[in-house]
Amino acid sequence: PQLSKVVSGAVNAATDALTIALEKFSDEDKEKLLPLFRAHLPKTMADLSFDKVHERVPAQYITNAIASCLASKLVYKEGTKFVETLPQDKLADVALRYLEAEHEITLLKDALEGTEMPEKEKESILKLLDAGGARTALGVF
């Protein structure tokens, strides 16, 4: 029970900060974050009707869902201490930069897959990128 309260508190704090930050985003910028929301839906539901999300789901709900998805991702990947130690006014910025860093790490991993080098070394580098890539790229420890 205590652990779930800590996790819930961290997710809620991040969600609140992100919701406020996302209110200032253009529709185009929010659209770029929709894959986060889609990834949290059951596959069948997403496949059948996600293309109609704007017709069927209120804009504020979509914003809240994106904020919640990103907050959960951050807490569950980096831990509650990471989120709790960030200043509240910086939390949204760090979360959004984290998402960008994650994308950069994916591109690096894809590029590495296409290089010729011993498999053992390649696997070691991929593991390092997985373990600390996005957070290390942010320079937030």
# chains A, B, ... in the order shown; residues from 1 in each chain; ligands from 1

$ closest_atom_pairs --of "region 46-108 of chain A" --to "region 124-141 of chain A" --cutoff "10 Å" --atoms "only C-alpha atoms" --output "Markdown table"
| residue | atom | partner | partner_atom | distance |
| --- | --- | --- | --- | --- |
| A:Leu74 | CA | A:Arg135 | CA | 9.9 |
| A:Lys77 | CA | A:Arg135 | CA | 9.7 |
| A:Glu78 | CA | A:Arg135 | CA | 7.9 |
| A:Phe82 | CA | A:Phe141 | CA | 7.8 |
| A:Thr85 | CA | A:Phe141 | CA | 9.8 |
| A:Leu86 | CA | A:Val140 | CA | 9.1 |
| A:Val94 | CA | A:Leu138 | CA | 7.9 |
| A:Ala95 | CA | A:Leu138 | CA | 9.8 |
| A:Arg97 | CA | A:Leu138 | CA | 7.1 |
| A:Tyr98 | CA | A:Ala134 | CA | 6.0 |
| A:Leu99 | CA | A:Ala134 | CA | 7.8 |
| A:Glu100 | CA | A:Ala134 | CA | 8.2 |
| A:Ala101 | CA | A:Ala134 | CA | 4.9 |
| A:Glu102 | CA | A:Ala134 | CA | 4.9 |
| A:His103 | CA | A:Ala134 | CA | 8.3 |
| A:Glu104 | CA | A:Ala134 | CA | 8.0 |
| A:Ile105 | CA | A:Gly133 | CA | 6.1 |
| A:Thr106 | CA | A:Leu129 | CA | 8.8 |
| A:Leu108 | CA | A:Leu129 | CA | 8.5 |

$ residues_around --residues "region 35-40 of chain A" --least-positions-apart "6" --cutoff "7 Å" --atoms "only C-alpha atoms" --output "ChimeraX atom specification"
/A:46,65-66,69-70

$ closest_residue --among "A:Lys73, A:Phe50, A:Ala59, A:Asn64" --to "Asp16 (chain A)" --atoms "only C-alpha atoms"
A:Asn64

$ closest_residue --among "A:Ile62, A:Ile20, A:Met45, A:Val53" --to "Ala92 (chain A)" --atoms "only C-alpha atoms"
A:Ile20

$ residues_around --residues "Val83 (chain A)" --least-positions-apart "4" --cutoff "7 Å" --atoms "only C-alpha atoms" --output "list in words"
Ala10, Val75 and Gly79 of chain A

$ atom_distance --atom1 "CA of Leu96 (chain A)" --atom2 "CA of Tyr61 (chain A)"
18.7 Å

$ select_by_dssp --residues "region 19-118 of chain A" --states "helix (DSSP H, G or I)" --output "PyMOL selection string"
chain A and resi 19-22+27-39+43-56+59-78+80-85+88-113

$ closest_residue --among "A:Glu116, A:Glu121, A:Asp89, A:Glu55" --to "Ala13 (chain A)" --atoms "only C-alpha atoms"
A:Asp89

$ closest_residue --among "A:Thr63, A:Gly114, A:Glu119, A:Pro87" --to "Lys24 (chain A)" --atoms "only C-alpha atoms"
A:Thr63

$ closest_residue --among "A:Ala111, A:Ala67, A:Leu48, A:Met117" --to "Val11 (chain A)" --atoms "only C-alpha atoms"
A:Ala67

$ closest_residue --among "A:Ala71, A:Ser26, A:Lys81, A:Lys109" --to "Asn12 (chain A)" --atoms "only C-alpha atoms"
A:Ala71

$ atom_distance --atom1 "CA of Ala14 (chain A)" --atom2 "CA of Asp29 (chain A)"
18.9 Å

$ atom_distance --atom1 "CA of Glu84 (chain A)" --atom2 "CA of Leu107 (chain A)"
29.0 Å

$ decode --residues "region 98-115 of chain A" --atoms "N, CA, C and O atoms" --output "compact mmCIF listing (two decimals), in the first residue's frame"
# COMPACT_ATOMS: atom_id res chain seq x y z
N TYR A 98 13.02 14.10 -22.17
CA TYR A 98 13.26 12.66 -22.00
C TYR A 98 12.69 11.90 -23.20
O TYR A 98 13.33 11.01 -23.74
N LEU A 99 11.51 12.29 -23.61
CA LEU A 99 10.88 11.65 -24.77
C LEU A 99 11.73 11.85 -26.03
O LEU A 99 11.92 10.91 -26.80
N GLU A 100 12.24 13.05 -26.22
CA GLU A 100 13.12 13.32 -27.36
C GLU A 100 14.40 12.50 -27.26
O GLU A 100 14.87 11.95 -28.27
N ALA A 101 14.97 12.41 -26.07
CA ALA A 101 16.20 11.63 -25.88
C ALA A 101 15.95 10.16 -26.16
O ALA A 101 16.80 9.48 -26.76
N GLU A 102 14.80 9.67 -25.77
CA GLU A 102 14.44 8.28 -26.05
C GLU A 102 14.41 8.02 -27.56
O GLU A 102 14.89 7.00 -28.03
N HIS A 103 13.87 8.98 -28.28
CA HIS A 103 13.82 8.86 -29.75
C HIS A 103 15.24 8.85 -30.32
O HIS A 103 15.54 8.05 -31.22
N GLU A 104 16.10 9.72 -29.81
CA GLU A 104 17.49 9.75 -30.27
C GLU A 104 18.19 8.42 -30.00
O GLU A 104 18.96 7.93 -30.83
N ILE A 105 17.93 7.84 -28.84
CA ILE A 105 18.55 6.56 -28.49
C ILE A 105 18.07 5.47 -29.45
O ILE A 105 18.85 4.64 -29.90
N THR A 106 16.80 5.50 -29.80
CA THR A 106 16.26 4.53 -30.76
C THR A 106 16.97 4.67 -32.10
O THR A 106 17.34 3.66 -32.73
N LEU A 107 17.19 5.90 -32.55
CA LEU A 107 17.90 6.13 -33.81
C LEU A 107 19.34 5.62 -33.73
O LEU A 107 19.84 5.01 -34.68
N LEU A 108 20.00 5.85 -32.60
CA LEU A 108 21.37 5.37 -32.42
C LEU A 108 21.41 3.84 -32.44
O LEU A 108 22.30 3.24 -33.06
N LYS A 109 20.45 3.22 -31.77
CA LYS A 109 20.41 1.76 -31.75
C LYS A 109 20.17 1.20 -33.15
O LYS A 109 20.80 0.22 -33.55
N ASP A 110 19.29 1.84 -33.90
CA ASP A 110 19.03 1.40 -35.27
C ASP A 110 20.28 1.53 -36.13
O ASP A 110 20.59 0.66 -36.93
N ALA A 111 21.00 2.64 -35.96
CA ALA A 111 22.22 2.86 -36.72
C ALA A 111 23.28 1.81 -36.34
O ALA A 111 23.98 1.28 -37.21
N LEU A 112 23.35 1.51 -35.07
CA LEU A 112 24.32 0.52 -34.60
C LEU A 112 24.02 -0.87 -35.16
O LEU A 112 24.93 -1.61 -35.51
N GLU A 113 22.76 -1.20 -35.27
CA GLU A 113 22.36 -2.51 -35.81
C GLU A 113 22.92 -2.70 -37.22
O GLU A 113 23.24 -3.80 -37.62
N GLY A 114 23.02 -1.62 -37.98
CA GLY A 114 23.48 -1.71 -39.36
C GLY A 114 24.99 -1.66 -39.53
O GLY A 114 25.47 -1.69 -40.66
N THR A 115 25.73 -1.56 -38.44
CA THR A 115 27.18 -1.49 -38.56
C THR A 115 27.82 -2.87 -38.45
O THR A 115 27.26 -3.77 -37.84
